[in-house]
Each structure stands twice: as structure tokens, then as C-alpha cells.
$ cat upload-v9.json   # JSON, C-alpha atoms
[["chain", "number", "residue", "atom", "x", "y", "z"],
["S", 1391, "MET", "CA", -19.71, 9.76, 11.55],
["S", 1392, "ILE", "CA", -17.15, 7.38, 13.01],
["S", 1393, "TYR", "CA", -17.01, 5.33, 9.80],
["S", 1394, "SER", "CA", -16.53, 8.49, 7.72],
["S", 1395, "LEU", "CA", -13.49, 9.35, 9.85],
["S", 1396, "ILE", "CA", -12.17, 5.79, 9.54],
["S", 1397, "PHE", "CA", -12.40, 5.86, 5.75],
["S", 1398, "LEU", "CA", -10.86, 9.35, 5.63],
["S", 1399, "PHE", "CA", -7.94, 7.99, 7.64],
["S", 1400, "ILE", "CA", -7.74, 4.99, 5.31],
["S", 1401, "PHE", "CA", -7.61, 7.30, 2.27],
["S", 1402, "LEU", "CA", -4.87, 9.44, 3.82],
["S", 1403, "PHE", "CA", -2.96, 6.30, 4.73],
["S", 1404, "GLY", "CA", -3.42, 5.06, 1.16],
["S", 1405, "ILE", "CA", -2.01, 8.19, -0.49],
["S", 1406, "ILE", "CA", 1.02, 8.04, 1.82],
["S", 1407, "ILE", "CA", 1.61, 4.43, 0.80],
["S", 1408, "GLY", "CA", 1.06, 5.48, -2.83],
["S", 1409, "SER", "CA", 3.83, 8.04, -2.44],
["S", 1410, "PHE", "CA", 6.14, 5.29, -1.21],
["S", 1411, "LEU", "CA", 5.11, 3.03, -4.11],
["S", 1412, "ASN", "CA", 6.23, 5.75, -6.51],
["S", 1413, "VAL", "CA", 9.66, 5.72, -4.87],
["S", 1414, "VAL", "CA", 9.83, 1.94, -5.31],
["S", 1415, "ILE", "CA", 8.78, 2.17, -8.97],
["S", 1416, "PHE", "CA", 11.28, 4.88, -9.88],
["S", 1417, "ARG", "CA", 14.24, 3.53, -7.89],
["S", 1418, "MET", "CA", 13.86, -0.20, -8.46],
["S", 1419, "ASN", "CA", 16.82, -1.70, -10.34],
["S", 1420, "THR", "CA", 18.55, 1.70, -10.62],
["S", 1421, "GLY", "CA", 21.11, 1.10, -7.89],
["S", 1422, "LEU", "CA", 19.41, 3.67, -5.65],
["S", 1423, "SER", "CA", 18.23, 2.66, -2.21],
["S", 1424, "ILE", "CA", 14.47, 2.45, -1.82],
["S", 1425, "HIS", "CA", 14.43, 3.22, 1.90],
["S", 1426, "LYS", "CA", 17.53, 5.41, 2.26],
["S", 1427, "GLY", "CA", 18.41, 8.82, 0.92],
["S", 1428, "ARG", "CA", 16.29, 11.95, 0.57],
["S", 1429, "SER", "CA", 13.98, 12.32, -2.41],
["S", 1430, "LYS", "CA", 15.20, 14.69, -5.09],
["S", 1431, "CYS", "CA", 14.25, 16.09, -8.47],
["S", 1432, "MET", "CA", 15.22, 13.59, -11.15],
["S", 1433, "THR", "CA", 16.28, 16.43, -13.45],
["S", 1434, "CYS", "CA", 18.26, 18.93, -11.34],
["S", 1435, "SER", "CA", 18.88, 16.72, -8.25],
["S", 1436, "HIS", "CA", 17.31, 19.36, -5.98],
["S", 1437, "LYS", "CA", 16.70, 17.70, -2.61],
["S", 1438, "LEU", "CA", 13.05, 18.03, -1.72],
["S", 1439, "SER", "CA", 11.90, 19.69, 1.49],
["S", 1440, "TRP", "CA", 9.17, 18.19, 3.67],
["S", 1441, "TYR", "CA", 6.50, 20.45, 2.22],
["S", 1442, "GLU", "CA", 7.39, 19.21, -1.28],
["S", 1443, "LEU", "CA", 6.74, 15.63, -0.26],
["S", 1444, "ILE", "CA", 3.13, 15.85, 0.95],
["S", 1445, "PRO", "CA", 1.13, 13.41, -1.22],
["S", 1446, "ILE", "CA", -1.25, 15.07, -3.72],
["S", 1447, "PHE", "CA", -1.13, 18.48, -2.05],
["S", 1448, "SER", "CA", 2.53, 19.16, -2.91],
["S", 1449, "TYR", "CA", 1.89, 18.32, -6.56],
["S", 1450, "ILE", "CA", -1.04, 20.75, -6.66],
["S", 1451, "PHE", "CA", 0.80, 23.45, -4.66],
["S", 1452, "LEU", "CA", 3.85, 23.23, -6.94],
["S", 1453, "ASN", "CA", 1.63, 23.21, -10.03],
["S", 1454, "GLY", "CA", 3.19, 19.92, -11.10],
["S", 1455, "LYS", "CA", 6.69, 21.43, -11.46],
["S", 1456, "CYS", "CA", 10.00, 21.27, -9.63],
["S", 1457, "ARG", "CA", 10.31, 24.30, -7.35],
["S", 1458, "LYS", "CA", 13.90, 24.93, -8.45],
["S", 1459, "CYS", "CA", 14.29, 24.02, -12.14],
["S", 1460, "LYS", "CA", 10.57, 24.21, -13.09],
["S", 1461, "THR", "CA", 10.73, 20.85, -14.88],
["S", 1462, "LYS", "CA", 7.35, 19.15, -15.04],
["S", 1463, "ILE", "CA", 6.85, 16.45, -12.42],
["S", 1464, "SER", "CA", 5.54, 13.16, -13.78],
["S", 1465, "LYS", "CA", 1.78, 12.84, -13.39],
["S", 1466, "GLN", "CA", 2.47, 9.29, -12.26],
["S", 1467, "TYR", "CA", 3.08, 10.61, -8.74],
["S", 1468, "LEU", "CA", -0.40, 12.10, -8.50],
["S", 1469, "ILE", "CA", -2.14, 9.20, -10.26],
["S", 1470, "ILE", "CA", -0.56, 6.46, -8.13],
["S", 1471, "GLU", "CA", -1.26, 8.33, -4.89],
["S", 1472, "LEU", "CA", -4.92, 8.87, -5.78],
["S", 1473, "LEU", "CA", -5.27, 5.32, -7.10],
["S", 1474, "THR", "CA", -3.75, 3.74, -4.00],
["S", 1475, "GLY", "CA", -5.87, 5.85, -1.65],
["S", 1476, "SER", "CA", -9.03, 4.96, -3.59],
["S", 1477, "ILE", "CA", -8.24, 1.24, -3.69],
["S", 1478, "PHE", "CA", -7.55, 1.22, 0.06],
["S", 1479, "VAL", "CA", -10.94, 2.83, 0.69],
["S", 1480, "LEU", "CA", -12.64, 0.24, -1.53],
["S", 1481, "ILE", "CA", -10.90, -2.55, 0.39],
["S", 1482, "GLY", "CA", -12.23, -1.04, 3.60],
["S", 1483, "ILE", "CA", -15.75, -0.84, 2.19],
["S", 1484, "HIS", "CA", -15.49, -4.45, 0.99],
["S", 1485, "PHE", "CA", -14.80, -5.59, 4.56],
["S", 1486, "LEU", "CA", -17.22, -3.14, 6.22],
["S", 1487, "GLU", "CA", -19.32, -5.91, 7.77],
["S", 1488, "VAL", "CA", -16.17, -7.39, 9.28],
["S", 1489, "LEU", "CA", -15.27, -3.96, 10.70],
["S", 1490, "ILE", "CA", -18.62, -3.80, 12.48],
["S", 1491, "ILE", "CA", -18.21, -7.27, 14.00],
["S", 1492, "SER", "CA", -14.48, -7.36, 14.73],
["S", 1493, "PRO", "CA", -12.17, -4.36, 14.19],
["S", 1494, "LEU", "CA", -9.09, -6.51, 14.82],
["S", 1495, "ILE", "CA", -9.95, -8.99, 12.07],
["S", 1496, "PHE", "CA", -10.79, -6.03, 9.81],
["S", 1497, "ILE", "CA", -7.34, -4.55, 10.41],
["S", 1498, "PHE", "CA", -5.71, -7.90, 9.59],
["S", 1499, "LEU", "CA", -7.63, -8.34, 6.34],
["S", 1500, "PHE", "CA", -7.22, -4.70, 5.36],
["S", 1501, "ILE", "CA", -3.45, -4.79, 5.84],
["S", 1502, "PHE", "CA", -3.14, -8.13, 4.04],
["S", 1503, "PHE", "CA", -5.06, -7.08, 0.94],
["S", 1504, "SER", "CA", -3.56, -3.59, 0.94],
["S", 1505, "LEU", "CA", -0.16, -5.26, 0.76],
["S", 1506, "LEU", "CA", -1.22, -7.55, -2.08],
["S", 1507, "PHE", "CA", -2.78, -4.75, -4.14],
["S", 1508, "SER", "CA", 0.15, -2.42, -3.45],
["S", 1509, "ILE", "CA", 2.47, -5.04, -4.92],
["S", 1510, "LEU", "CA", 0.15, -5.36, -7.92],
["S", 1511, "ILE", "CA", 0.27, -1.58, -8.45],
["S", 1512, "VAL", "CA", 4.07, -1.55, -8.45],
["S", 1513, "ILE", "CA", 4.26, -4.56, -10.77],
["S", 1514, "SER", "CA", 1.74, -3.00, -13.16],
["S", 1515, "VAL", "CA", 3.40, 0.42, -13.43],
["S", 1516, "TYR", "CA", 6.87, -1.10, -13.65],
["S", 1517, "ASP", "CA", 5.68, -3.39, -16.44],
["S", 1518, "LEU", "CA", 4.17, -0.41, -18.25],
["S", 1519, "ARG", "CA", 7.43, 1.52, -18.01],
["S", 1520, "HIS", "CA", 9.94, -1.26, -18.69],
["S", 1521, "LYS", "CA", 7.93, -4.13, -20.26],
["S", 1522, "ILE", "CA", 9.12, -6.55, -17.59],
["S", 1523, "ILE", "CA", 7.79, -7.96, -14.32],
["S", 1524, "PRO", "CA", 10.37, -7.90, -11.50],
["S", 1525, "ASN", "CA", 10.91, -11.42, -10.18],
["S", 1526, "ASN", "CA", 11.40, -10.34, -6.58],
["S", 1527, "LEU", "CA", 8.01, -8.60, -6.50],
["S", 1528, "VAL", "CA", 6.07, -11.38, -8.19],
["S", 1529, "TYR", "CA", 7.60, -13.95, -5.83],
["S", 1530, "ILE", "CA", 6.55, -11.86, -2.81],
["S", 1531, "PHE", "CA", 3.05, -11.53, -4.27],
["S", 1532, "ASP", "CA", 2.81, -15.28, -4.87],
["S", 1533, "PHE", "CA", 4.02, -16.01, -1.33],
["S", 1534, "PHE", "CA", 1.40, -13.85, 0.36],
["S", 1535, "ALA", "CA", -1.31, -15.04, -2.05],
["S", 1536, "PHE", "CA", -0.42, -18.61, -1.05],
["S", 1537, "LEU", "CA", -0.74, -17.72, 2.64],
["S", 1538, "LEU", "CA", -4.21, -16.39, 1.88],
["S", 1539, "LEU", "CA", -5.30, -19.97, 1.15],
["S", 1540, "PHE", "CA", -5.36, -20.51, 4.91],
["S", 1541, "VAL", "CA", -7.83, -17.67, 5.53],
["S", 1542, "ASN", "CA", -11.53, -17.97, 4.75],
["S", 1543, "TYR", "CA", -12.23, -14.32, 3.98],
["S", 1544, "HIS", "CA", -15.47, -14.97, 2.06],
["S", 1545, "THR", "CA", -17.59, -15.00, 5.23],
["S", 1546, "VAL", "CA", -18.69, -12.11, 7.45],
["S", 1547, "PHE", "CA", -16.53, -13.54, 10.24],
["S", 1548, "PRO", "CA", -13.34, -14.82, 8.55],
["S", 1549, "LEU", "CA", -11.62, -17.83, 10.08],
["S", 1550, "PHE", "CA", -8.37, -19.67, 9.51],
["S", 1551, "GLN", "CA", -8.90, -22.85, 7.52],
["S", 1552, "ILE", "CA", -7.21, -25.91, 6.09],
["S", 1553, "PRO", "CA", -7.45, -25.31, 2.33],
["S", 1554, "SER", "CA", -8.84, -27.98, 0.05],
["S", 1555, "ILE", "CA", -6.80, -29.62, -2.68],
["S", 1556, "PHE", "CA", -8.69, -27.53, -5.23],
["S", 1557, "SER", "CA", -7.61, -24.36, -3.42],
["S", 1558, "PHE", "CA", -3.97, -25.48, -3.54],
["S", 1559, "LEU", "CA", -4.28, -26.31, -7.22],
["S", 1560, "SER", "CA", -6.22, -23.17, -8.20],
["S", 1561, "GLY", "CA", -3.07, -21.20, -8.94],
["S", 1562, "PRO", "CA", -1.21, -23.92, -10.88],
["S", 1563, "ILE", "CA", -4.34, -24.90, -12.86],
["S", 1564, "ILE", "CA", -4.84, -21.33, -14.11],
["S", 1565, "ALA", "CA", -1.14, -20.52, -14.59],
["S", 1566, "THR", "CA", 0.06, -23.73, -16.30],
["S", 1567, "PRO", "CA", -1.48, -23.07, -19.77],
["S", 1568, "PHE", "CA", 0.12, -19.61, -19.86],
["S", 1569, "ALA", "CA", 3.46, -20.98, -18.66],
["S", 1570, "ILE", "CA", 3.34, -23.52, -21.52],
["S", 1571, "ILE", "CA", 2.50, -20.77, -24.04],
["S", 1572, "SER", "CA", 5.42, -18.70, -22.75],
["S", 1573, "LEU", "CA", 7.86, -21.61, -22.98],
["S", 1574, "ILE", "CA", 6.72, -22.78, -26.43],
["S", 1575, "SER", "CA", 6.89, -19.27, -27.89],
["S", 1576, "LYS", "CA", 10.13, -18.48, -26.05],
["S", 1577, "GLU", "CA", 8.27, -15.59, -24.38],
["S", 1578, "LYS", "CA", 7.32, -13.97, -27.69],
["S", 1579, "TRP", "CA", 3.55, -14.42, -27.16],
["S", 1580, "MET", "CA", 3.59, -14.04, -23.38],
["S", 1581, "GLY", "CA", 6.28, -13.42, -20.79],
["S", 1582, "PHE", "CA", 6.94, -16.08, -18.16],
["S", 1583, "GLY", "CA", 6.55, -13.34, -15.54],
["S", 1584, "ASP", "CA", 2.88, -13.07, -16.52],
["S", 1585, "ALA", "CA", 2.41, -16.78, -15.82],
["S", 1586, "LYS", "CA", 4.02, -16.40, -12.40],
["S", 1587, "LEU", "CA", 1.73, -13.46, -11.65],
["S", 1588, "ILE", "CA", -1.32, -15.48, -12.74],
["S", 1589, "LEU", "CA", -0.23, -18.21, -10.30],
["S", 1590, "GLY", "CA", -0.62, -15.77, -7.39],
["S", 1591, "ILE", "CA", -3.90, -14.39, -8.72],
["S", 1592, "GLY", "CA", -5.30, -17.92, -8.85],
["S", 1593, "TRP", "CA", -4.35, -18.49, -5.21],
["S", 1594, "MET", "CA", -5.68, -15.10, -4.14],
["S", 1595, "LEU", "CA", -9.06, -15.36, -5.86],
["S", 1596, "GLY", "CA", -9.61, -19.11, -6.12],
["S", 1597, "LEU", "CA", -10.32, -21.11, -9.25],
["S", 1598, "ALA", "CA", -13.72, -19.66, -10.15],
["S", 1599, "PHE", "CA", -12.97, -15.98, -9.59],
["S", 1600, "GLY", "CA", -9.42, -16.46, -10.86],
["S", 1601, "ILE", "CA", -10.63, -17.69, -14.24],
["S", 1602, "THR", "CA", -13.07, -14.78, -14.44],
["S", 1603, "SER", "CA", -10.23, -12.39, -13.64],
["S", 1604, "ILE", "CA", -7.95, -13.77, -16.35],
["S", 1605, "ILE", "CA", -10.69, -13.69, -19.00],
["S", 1606, "LEU", "CA", -11.61, -10.14, -18.01],
["S", 1607, "SER", "CA", -7.97, -9.07, -18.25],
["S", 1608, "PHE", "CA", -7.77, -10.31, -21.85],
["S", 1609, "TRP", "CA", -11.00, -8.48, -22.70],
["S", 1610, "LEU", "CA", -9.65, -5.27, -21.21],
["S", 1611, "GLY", "CA", -6.33, -5.74, -23.00],
["S", 1612, "ALA", "CA", -8.08, -6.31, -26.34],
["S", 1613, "ILE", "CA", -10.26, -3.22, -25.93],
["S", 1614, "ILE", "CA", -7.34, -0.98, -24.96],
["S", 1615, "GLY", "CA", -5.21, -2.47, -27.74],
["S", 1616, "LEU", "CA", -7.83, -1.70, -30.36],
["S", 1617, "LEU", "CA", -8.26, 1.85, -29.05],
["S", 1618, "LEU", "CA", -4.51, 2.41, -29.21],
["S", 1619, "ILE", "CA", -4.40, 1.13, -32.79],
["S", 1620, "LEU", "CA", -7.27, 3.42, -33.79],
["S", 1621, "PHE", "CA", -6.03, 6.60, -32.13],
["S", 1622, "LYS", "CA", -2.23, 6.30, -32.06],
["S", 1623, "LYS", "CA", -0.24, 6.31, -35.30],
["S", 1624, "ARG", "CA", 2.81, 4.51, -33.92],
["S", 1625, "VAL", "CA", 0.84, 1.58, -32.50],
["S", 1626, "GLY", "CA", 0.22, -1.49, -34.65],
["S", 1627, "MET", "CA", -0.71, -5.15, -34.39],
["S", 1628, "LYS", "CA", 2.88, -6.07, -33.46],
["S", 1629, "THR", "CA", 3.18, -3.47, -30.72],
["S", 1630, "GLU", "CA", 4.00, -5.04, -27.35],
["S", 1631, "ILE", "CA", 1.32, -4.33, -24.77],
["S", 1632, "PRO", "CA", 2.17, -5.36, -21.19],
["S", 1633, "LEU", "CA", -0.34, -7.76, -19.65],
["S", 1634, "ALA", "CA", 0.37, -7.19, -15.95],
["S", 1635, "PRO", "CA", -1.68, -3.96, -15.66],
["S", 1636, "PHE", "CA", -4.76, -5.70, -17.05],
["S", 1637, "LEU", "CA", -4.22, -8.72, -14.79],
["S", 1638, "ALA", "CA", -4.00, -6.38, -11.80],
["S", 1639, "ILE", "CA", -7.04, -4.28, -12.76],
["S", 1640, "SER", "CA", -9.22, -7.32, -13.43],
["S", 1641, "SER", "CA", -8.20, -9.10, -10.22],
["S", 1642, "ILE", "CA", -8.96, -5.98, -8.16],
["S", 1643, "ILE", "CA", -12.36, -5.60, -9.86],
["S", 1644, "VAL", "CA", -13.23, -9.28, -9.39],
["S", 1645, "PHE", "CA", -12.21, -9.19, -5.72],
["S", 1646, "LEU", "CA", -13.94, -5.94, -4.79],
["S", 1647, "PHE", "CA", -17.23, -6.77, -6.53],
["S", 1648, "SER", "CA", -17.14, -10.59, -6.24],
["S", 1649, "LEU", "CA", -17.53, -10.67, -10.02],
["S", 1650, "ASP", "CA", -18.27, -14.11, -11.46],
["S", 1651, "LEU", "CA", -19.14, -13.59, -15.12],
["S", 1652, "PHE", "CA", -19.76, -17.26, -15.86],
["S", 1653, "TYR", "CA", -21.15, -18.43, -12.48],
["S", 1654, "LEU", "CA", -18.11, -20.67, -12.10],
["S", 1655, "SER", "CA", -18.31, -20.40, -8.31],
["S", 1656, "LEU", "CA", -21.51, -22.47, -8.47],
["S", 1657, "LEU", "CA", -19.78, -25.06, -10.64],
["S", 1658, "PHE", "CA", -16.72, -25.36, -8.39],
["S", 1659, "ASN", "CA", -18.72, -24.70, -5.21],
["S", 1660, "PHE", "CA", -16.20, -22.16, -3.82]]
$ encode --input "upload-v9.json" --output "C-alpha cells"
Amino acid sequence: MIYSLIFLFIFLFGIIIGSFLNVVIFRMNTGLSIHKGRSKCMTCSHKLSWYELIPIFSYIFLNGKCRKCKTKISKQYLIIELLTGSIFVLIGIHFLEVLIISPLIFIFLFIFFSLLFSILIVISVYDLRHKIIPNNLVYIFDFFAFLLLFVNYHTVFPLFQIPSIFSFLSGPIIATPFAIISLISKEKWMGFGDAKLILGIGWMLGLAFGITSIILSFWLGAIIGLLLILFKKRVGMKTEIPLAPFLAISSIIVFLFSLDLFYLSLLFNF
């Protein structure tokens, strides 16, 4: 019973954070303050009341429309809130054994990975909307992913550690080929922002799981690309498809399920 209440709280916390992530996504690089100013309808500028800002429930209560001008509210609000809440719950489940042994360490790991995955969500949606990865966000992600090198979170009782040289190099080893591709093609084949994001993913997951994550992201991208070509008339072979969402999805999947498609963890022994 107690764990059910904990995960319910985690989900509610997640959808609140998801609501904030939507604000970041919509206001970033628009000149609007992310943390100041009341939320308002983007069509009629109607300032939203408190009961119009309750994650998920307000969207359902308002039938997905602005209360004043009746303009449809973007489904992105609902999707990101549900997605963030669900991912937070999965993070909690992933560290369930840690929760049983040490709630304090669980809280630390939960907050750390919730932060990392929240940044990935913002980067992914922003890349989908604008076809660009914000430098400030990817640098923050890389910084916290680098700090993660000093935490051994693969054990039931995580401890701080001195990372090996392979751990330090995991990010650069995975990211360097993509950085070279970006530079040679002058970012026509791949944006340099993708390489910087891959750097952080390599540090976060390690060399073995990082490689699996990158390969999985290309598989997912290829599948979605083919589906778009088949079912959408305006999509062709030259259509630009952002890579960041697939990098984020694959890294979350690999982390949550310890997915090692090619048993590389046995080869690299970490």
C-alpha cells in the first residue's frame, strides 16, 4: 500500500513537472520569461486562472479548448504531462530495490535521473518543433551526465566512485564519429547538436549501453521515416527528420530496461 501511494505521488509530481516543461518548450527563445509572468492563451492572450492550470484535468475539463476564445489547446500539453509522469514512475520502479534499502539514496537517484530525462524531453520536443537542439540545454545535460560518472548506480546500493578511463572516454568515443560526420557534411547529414547530445548519452549510459542506445535510435528513426514516407504525401527521402527525439527515446529505453542488444557490456566489462 505504501509503495502504491509513493508511486501515485511520483506520478502527480511528474505531471506537474511536465506542465512546467511545456512552458519551457513554448517560451524558450521567444523573449518571454520561463519563470515569470502568468500563463495565458497563445491565441487571445486570456490569462489563465488556477483551475485552468491543473495538469491533465484542466485539459479534460476544458475539452481541450480555451475557455474564452474556444481555440483548441495543443495536445502537446496533455501528451508531455502524461509522458513525464509515466517516465518518472518508471524511474521509481527502476530504483525500487534502492528505495527499500535506502530512501535517501533513492531520492537522490530519482531526482538526478528525473532531471536528465526532463532535459531530454524538452530537447526532443523543441527539436521536433524547430529542427534545432538548444545549446544551453544540451550543455546542461552533458554536465549532469558527466557528474553521473562519479556515481555507481548499477548496484542495489549505489556508491560514489572514481570513474575509469573508459568511463571518461565513453562519451567522446561514441560522439566523435558523429561530430566528424557533422563537420565534413557541414551539418547537412547530421547537426552538430546531435553529436553534443550523444556525448552526454555516452557518459550517462556508459560505452556498452551507449552504443546500443545510438544504434536503437537509428533503427527507430529509420522505421518512423519509412512510415512517414508511406503514409504522408508531403514526406520524401530528402525530408529532414530530427534525430534528438529518437536519441532520447532509445536512451530512456536502454536505461530503464538495461537493454544490451549486442552483449557489449560483457565485452567492455561495465
$ residues_around --input "upload-v9.json" --residues "S:Phe1599" --least-positions-apart "3" --cutoff "8 Å" --atoms "all atoms listed in the file" --output "ChimeraX atom specification"
/S:1592,1595-1596,1602-1603,1644-1645,1648-1650,1654-1655
$ atom_distance --input "upload-v9.json" --atom1 "atom CA of S:Ala1535" --atom2 "atom CA of S:Thr1566"
16.7 Å
$ closest_residue --input "upload-v9.json" --among "S:Ile1477, S:Ala1569, S:Ile1523, S:Met1418" --to "S:Ile1400" --atoms "all atoms listed in the file"
S:Ile1477
$ residues_around --input "upload-v9.json" --residues "stretch 1494-1503 of chain S" --least-positions-apart "3" --cutoff "8 Å" --atoms "only C-alpha atoms" --output "ChimeraX atom specification"
/S:1478,1481-1482,1485-1486,1488-1489,1506-1507,1543,1548
$ residues_around --input "upload-v9.json" --residues "S:Gly1590" --least-positions-apart "3" --cutoff "6 Å" --atoms "all atoms listed in the file" --output "list in words"
Asp1532, Ala1535, Leu1587 and Trp1593 of chain S
$ write_last_selection --input "upload-v9.json" --atoms "C-alpha atoms" --output "tab-separated table (two decimals), keeping the file's coordinate frame"
chain	number	residue	atom	x	y	z
S	1532	ASP	CA	2.81	-15.28	-4.87
S	1535	ALA	CA	-1.31	-15.04	-2.05
S	1587	LEU	CA	1.73	-13.46	-11.65
S	1593	TRP	CA	-4.35	-18.49	-5.21
$ closest_residue --input "upload-v9.json" --among "S:Leu1398, S:Ile1642, S:Ala1634, S:Ile1470" --to "S:Ile1522" --atoms "all atoms listed in the file"
S:Ala1634
$ residues_around --input "upload-v9.json" --residues "stretch 1510-1515 of chain S" --least-positions-apart "6" --cutoff "12 Å" --atoms "only C-alpha atoms" --output "PyMOL selection string"
chain S and resi 1407-1418+1466-1467+1469-1475+1477-1478+1503-1504+1521-1532+1534-1535+1583-1584+1586-1588+1590-1591+1594+1631-1642
$ residues_around --input "upload-v9.json" --residues "S:Leu1443" --least-positions-apart "6" --cutoff "10 Å" --atoms "only C-alpha atoms" --output "JSON, numbers by chain"
{"S": [1406, 1409, 1429, 1430, 1449]}
$ atom_distance --input "upload-v9.json" --atom1 "atom CA of S:Phe1397" --atom2 "atom CA of S:Val1479"
6.1 Å
$ closest_residue --input "upload-v9.json" --among "S:Cys1459, S:Ile1601, S:Ile1552, S:Val1541" --to "S:Ala1565" --atoms "all atoms listed in the file"
S:Ile1601
$ atom_distance --input "upload-v9.json" --atom1 "atom CA of S:Phe1568" --atom2 "atom CA of S:Phe1608"
12.4 Å
$ closest_residue --input "upload-v9.json" --among "S:Gly1615, S:Gly1600, S:Pro1567, S:Pro1493" --to "S:Ile1643" --atoms "all atoms listed in the file"
S:Gly1600
$ decode --input "upload-v9.json" --residues "stretch 1466-1522 of chain S" --atoms "C-alpha atoms" --output "mmCIF file, in the first residue's frame"
data_model
loop_
_atom_site.group_PDB
_atom_site.id
_atom_site.type_symbol
_atom_site.label_atom_id
_atom_site.label_comp_id
_atom_site.auth_asym_id
_atom_site.auth_seq_id
_atom_site.Cartn_x
_atom_site.Cartn_y
_atom_site.Cartn_z
ATOM 1 C CA GLN S 1466 1.273 18.663 -26.631
ATOM 2 C CA TYR S 1467 0.298 19.888 -23.158
ATOM 3 C CA LEU S 1468 -1.560 16.681 -22.356
ATOM 4 C CA ILE S 1469 0.987 14.381 -24.021
ATOM 5 C CA ILE S 1470 4.037 15.875 -22.286
ATOM 6 C CA GLU S 1471 2.333 15.835 -18.884
ATOM 7 C CA LEU S 1472 1.317 12.187 -19.227
ATOM 8 C CA LEU S 1473 4.697 11.231 -20.683
ATOM 9 C CA THR S 1474 6.662 12.939 -17.915
ATOM 10 C CA GLY S 1475 4.502 11.412 -15.184
ATOM 11 C CA SER S 1476 4.874 7.942 -16.715
ATOM 12 C CA ILE S 1477 8.647 8.247 -17.130
ATOM 13 C CA PHE S 1478 9.022 9.412 -13.521
ATOM 14 C CA VAL S 1479 7.083 6.360 -12.335
ATOM 15 C CA LEU S 1480 9.288 4.078 -14.443
ATOM 16 C CA ILE S 1481 12.395 5.692 -12.944
ATOM 17 C CA GLY S 1482 10.975 4.993 -9.499
ATOM 18 C CA ILE S 1483 10.272 1.366 -10.404
ATOM 19 C CA HIS S 1484 13.793 1.027 -11.830
ATOM 20 C CA PHE S 1485 15.259 2.023 -8.454
ATOM 21 C CA LEU S 1486 12.675 0.165 -6.347
ATOM 22 C CA GLU S 1487 15.291 -2.043 -4.680
ATOM 23 C CA VAL S 1488 17.227 1.076 -3.699
ATOM 24 C CA LEU S 1489 14.040 2.568 -2.230
ATOM 25 C CA ILE S 1490 13.623 -0.481 0.003
ATOM 26 C CA ILE S 1491 17.222 -0.307 1.253
ATOM 27 C CA SER S 1492 17.794 3.451 1.454
ATOM 28 C CA PRO S 1493 15.040 6.020 0.768
ATOM 29 C CA LEU S 1494 17.576 8.869 0.853
ATOM 30 C CA ILE S 1495 19.728 7.359 -1.897
ATOM 31 C CA PHE S 1496 16.537 6.601 -3.845
ATOM 32 C CA ILE S 1497 15.513 10.255 -3.638
ATOM 33 C CA PHE S 1498 18.954 11.342 -4.863
ATOM 34 C CA LEU S 1499 18.940 8.974 -7.843
ATOM 35 C CA PHE S 1500 15.303 9.698 -8.656
ATOM 36 C CA ILE S 1501 15.869 13.462 -8.713
ATOM 37 C CA PHE S 1502 19.076 13.115 -10.725
ATOM 38 C CA PHE S 1503 17.590 10.949 -13.468
ATOM 39 C CA SER S 1504 14.308 12.856 -13.473
ATOM 40 C CA LEU S 1505 16.342 15.976 -14.215
ATOM 41 C CA LEU S 1506 18.281 14.276 -17.010
ATOM 42 C CA PHE S 1507 15.177 12.820 -18.665
ATOM 43 C CA SER S 1508 13.255 16.086 -18.261
ATOM 44 C CA ILE S 1509 16.007 17.847 -20.186
ATOM 45 C CA LEU S 1510 15.842 15.139 -22.845
ATOM 46 C CA ILE S 1511 12.068 15.651 -23.169
ATOM 47 C CA VAL S 1512 12.474 19.402 -23.692
ATOM 48 C CA ILE S 1513 15.315 18.914 -26.182
ATOM 49 C CA SER S 1514 13.303 16.312 -28.118
ATOM 50 C CA VAL S 1515 10.090 18.328 -28.411
ATOM 51 C CA TYR S 1516 11.974 21.532 -29.203
ATOM 52 C CA ASP S 1517 13.905 19.714 -31.921
ATOM 53 C CA LEU S 1518 10.643 18.362 -33.336
ATOM 54 C CA ARG S 1519 9.123 21.842 -33.438
ATOM 55 C CA HIS S 1520 12.116 23.870 -34.614
ATOM 56 C CA LYS S 1521 14.617 21.342 -36.056
ATOM 57 C CA ILE S 1522 17.350 22.559 -33.718
#
